[in-house]
Amino acid sequence: MKIIVSQTHEDSCKKAAVMFRELLREKPTAKLGLATGGTPLPLYAELARMNKAGEVDFSRACSVNLDEYCGLAPTHDQSYRYFMDTNLFNHINIDKSHTFVASGTKPPEEAAAELEEKVYEGGAPDLQLLGIGANGHIAFNEPATALVAESHPAPLTESTIDANARFFATRADVPSLSVTMGMKGILSAAKIIMLAEGKGKKEAIEGLVKGGSITTQNPSTFLKLHRDVTVFIDKELADAVGVK
Ligand code: PGA
């Protein structure tokens, strides 16, 4: 696992954007595994800038997203489809019909089966982007006594509902169920990039980067089983964890 410490999160995102650019130059038809949340926003802004400047071309790329809230239509401003359109897809030259975000309105089992198919359609993602929850979740694979390999409907933990409430009018508006890629789909990607910012992620990142065991209580620790993971963290988080 490579750990790259940057002075600021924006710097981390610029470095991560270069990895996307290099991949797309090498393989214009690359399949990108994408993520939502506050963390990737500066990365998406940088990719949009690069695309506008002619530094990277998404016209032949495709994508699959990690997860979606159950109960939110794609037009809902907190759905992950809406997030991806407004924060990335509307600003780059990707063919939107080649982007996939799981359905938030189909029956959850059906939406999960569809997502599972899309993860592997034409091959697993060449590059999977991940954020991390303060509790160590990746996508909506929450800490538990057991994790699920395939895409599945997944309840959000109370702490994740708390964390995501900042995006909704009230906490009660945060959906309690999601459809998420499972651990196998995430680990199937050829390359994985993890972005994490701020000391709030200390415990989760400690579990991932500081040795110790793989545990279902910190799902991110399963990334230790993958041979090509790059973790970008900002200085504040690096100092909190004690890595250089
Ligand atoms: P955040 O979420 O980027 O909004 O902190 C990360 C995650 O929950 O995976």
# chains A, B, ... in the order shown; residues from 1 in each chain; ligands from 1
>>> residues_near_ligand(ligand="ligand 1", cutoff="12 Å", atoms="only C-alpha atoms and all ligand atoms", output="PyMOL selection string")
chain A and resi 9+34-43+66-68+80+83+129-142+156-157+159-167+180+194-202+204-205+219-220
>>> select_by_dssp(residues="range 5-226 of chain A", states="alpha helix (DSSP H)", output="ChimeraX atom specification")
/A:9-26,41-52,80-87,108-120,158-164,183-188,202-209
>>> write_last_selection(atoms="C-alpha atoms", output="PDB file, in the first residue's frame")
ATOM      1  CA  HIS A   9      -6.574  17.840   0.688  1.00  0.00           C
ATOM      2  CA  GLU A  10      -6.668  19.873  -2.532  1.00  0.00           C
ATOM      3  CA  ASP A  11      -3.075  18.789  -3.166  1.00  0.00           C
ATOM      4  CA  SER A  12      -4.070  15.147  -2.580  1.00  0.00           C
ATOM      5  CA  CYS A  13      -6.870  15.550  -5.092  1.00  0.00           C
ATOM      6  CA  LYS A  14      -4.554  17.070  -7.705  1.00  0.00           C
ATOM      7  CA  LYS A  15      -2.241  14.058  -7.376  1.00  0.00           C
ATOM      8  CA  ALA A  16      -5.167  11.656  -7.588  1.00  0.00           C
ATOM      9  CA  ALA A  17      -6.387  13.484 -10.705  1.00  0.00           C
ATOM     10  CA  VAL A  18      -3.019  12.842 -12.337  1.00  0.00           C
ATOM     11  CA  MET A  19      -3.549   9.104 -11.786  1.00  0.00           C
ATOM     12  CA  PHE A  20      -6.891   9.329 -13.584  1.00  0.00           C
ATOM     13  CA  ARG A  21      -5.238  11.295 -16.393  1.00  0.00           C
ATOM     14  CA  GLU A  22      -2.425   8.792 -16.788  1.00  0.00           C
ATOM     15  CA  LEU A  23      -4.862   5.896 -16.866  1.00  0.00           C
ATOM     16  CA  LEU A  24      -7.066   7.532 -19.488  1.00  0.00           C
ATOM     17  CA  ARG A  25      -4.065   8.404 -21.658  1.00  0.00           C
ATOM     18  CA  GLU A  26      -2.913   4.819 -21.512  1.00  0.00           C
ATOM     19  CA  LEU A  41     -15.293  17.135  -4.711  1.00  0.00           C
ATOM     20  CA  PRO A  42     -11.899  18.819  -5.287  1.00  0.00           C
ATOM     21  CA  LEU A  43     -10.828  15.809  -7.371  1.00  0.00           C
ATOM     22  CA  TYR A  44     -13.896  16.121  -9.579  1.00  0.00           C
ATOM     23  CA  ALA A  45     -13.306  19.865  -9.942  1.00  0.00           C
ATOM     24  CA  GLU A  46      -9.725  19.156 -11.037  1.00  0.00           C
ATOM     25  CA  LEU A  47     -10.821  16.485 -13.528  1.00  0.00           C
ATOM     26  CA  ALA A  48     -13.327  18.959 -14.983  1.00  0.00           C
ATOM     27  CA  ARG A  49     -10.586  21.572 -15.272  1.00  0.00           C
ATOM     28  CA  MET A  50      -8.223  19.110 -16.932  1.00  0.00           C
ATOM     29  CA  ASN A  51     -10.928  18.031 -19.349  1.00  0.00           C
ATOM     30  CA  LYS A  52     -11.712  21.617 -20.319  1.00  0.00           C
ATOM     31  CA  TYR A  80     -25.853  10.069  -5.839  1.00  0.00           C
ATOM     32  CA  ARG A  81     -26.912  10.161  -9.502  1.00  0.00           C
ATOM     33  CA  TYR A  82     -27.690  13.861  -9.091  1.00  0.00           C
ATOM     34  CA  PHE A  83     -24.392  14.338  -7.239  1.00  0.00           C
ATOM     35  CA  MET A  84     -22.399  12.715 -10.045  1.00  0.00           C
ATOM     36  CA  ASP A  85     -24.186  14.652 -12.782  1.00  0.00           C
ATOM     37  CA  THR A  86     -23.835  18.029 -11.108  1.00  0.00           C
ATOM     38  CA  ASN A  87     -20.329  17.583  -9.707  1.00  0.00           C
ATOM     39  CA  PRO A 108     -33.467  -2.744  -3.454  1.00  0.00           C
ATOM     40  CA  GLU A 109     -32.696  -6.387  -4.310  1.00  0.00           C
ATOM     41  CA  GLU A 110     -33.297  -5.681  -7.989  1.00  0.00           C
ATOM     42  CA  ALA A 111     -31.171  -2.523  -7.886  1.00  0.00           C
ATOM     43  CA  ALA A 112     -28.385  -4.487  -6.176  1.00  0.00           C
ATOM     44  CA  ALA A 113     -28.499  -7.269  -8.789  1.00  0.00           C
ATOM     45  CA  GLU A 114     -28.262  -4.664 -11.550  1.00  0.00           C
ATOM     46  CA  LEU A 115     -25.311  -2.977  -9.859  1.00  0.00           C
ATOM     47  CA  GLU A 116     -23.550  -6.319  -9.432  1.00  0.00           C
ATOM     48  CA  GLU A 117     -23.867  -6.936 -13.167  1.00  0.00           C
ATOM     49  CA  LYS A 118     -22.562  -3.470 -14.031  1.00  0.00           C
ATOM     50  CA  VAL A 119     -19.502  -3.865 -11.799  1.00  0.00           C
ATOM     51  CA  TYR A 120     -18.215  -6.642 -14.033  1.00  0.00           C
ATOM     52  CA  GLU A 158     -26.591   5.559  13.042  1.00  0.00           C
ATOM     53  CA  SER A 159     -23.138   7.153  12.895  1.00  0.00           C
ATOM     54  CA  THR A 160     -23.248   7.296   9.095  1.00  0.00           C
ATOM     55  CA  ILE A 161     -26.731   8.817   9.202  1.00  0.00           C
ATOM     56  CA  ASP A 162     -25.315  11.403  11.627  1.00  0.00           C
ATOM     57  CA  ALA A 163     -22.357  12.086   9.325  1.00  0.00           C
ATOM     58  CA  ASN A 164     -24.509  12.459   6.209  1.00  0.00           C
ATOM     59  CA  MET A 183     -16.349  -6.043  -0.856  1.00  0.00           C
ATOM     60  CA  LYS A 184     -15.627  -8.272  -3.856  1.00  0.00           C
ATOM     61  CA  GLY A 185     -16.568  -5.622  -6.392  1.00  0.00           C
ATOM     62  CA  ILE A 186     -14.370  -3.050  -4.685  1.00  0.00           C
ATOM     63  CA  LEU A 187     -11.422  -5.434  -4.456  1.00  0.00           C
ATOM     64  CA  SER A 188     -11.862  -6.474  -8.105  1.00  0.00           C
ATOM     65  CA  LYS A 202      -8.051   9.179  12.296  1.00  0.00           C
ATOM     66  CA  GLU A 203      -9.317   5.900  13.725  1.00  0.00           C
ATOM     67  CA  ALA A 204     -10.488   4.558  10.399  1.00  0.00           C
ATOM     68  CA  ILE A 205      -7.208   5.395   8.629  1.00  0.00           C
ATOM     69  CA  GLU A 206      -5.140   4.110  11.524  1.00  0.00           C
ATOM     70  CA  GLY A 207      -6.716   0.698  11.052  1.00  0.00           C
ATOM     71  CA  LEU A 208      -5.923   0.794   7.359  1.00  0.00           C
ATOM     72  CA  VAL A 209      -2.370   2.117   7.261  1.00  0.00           C
TER      73      VAL A 209
END
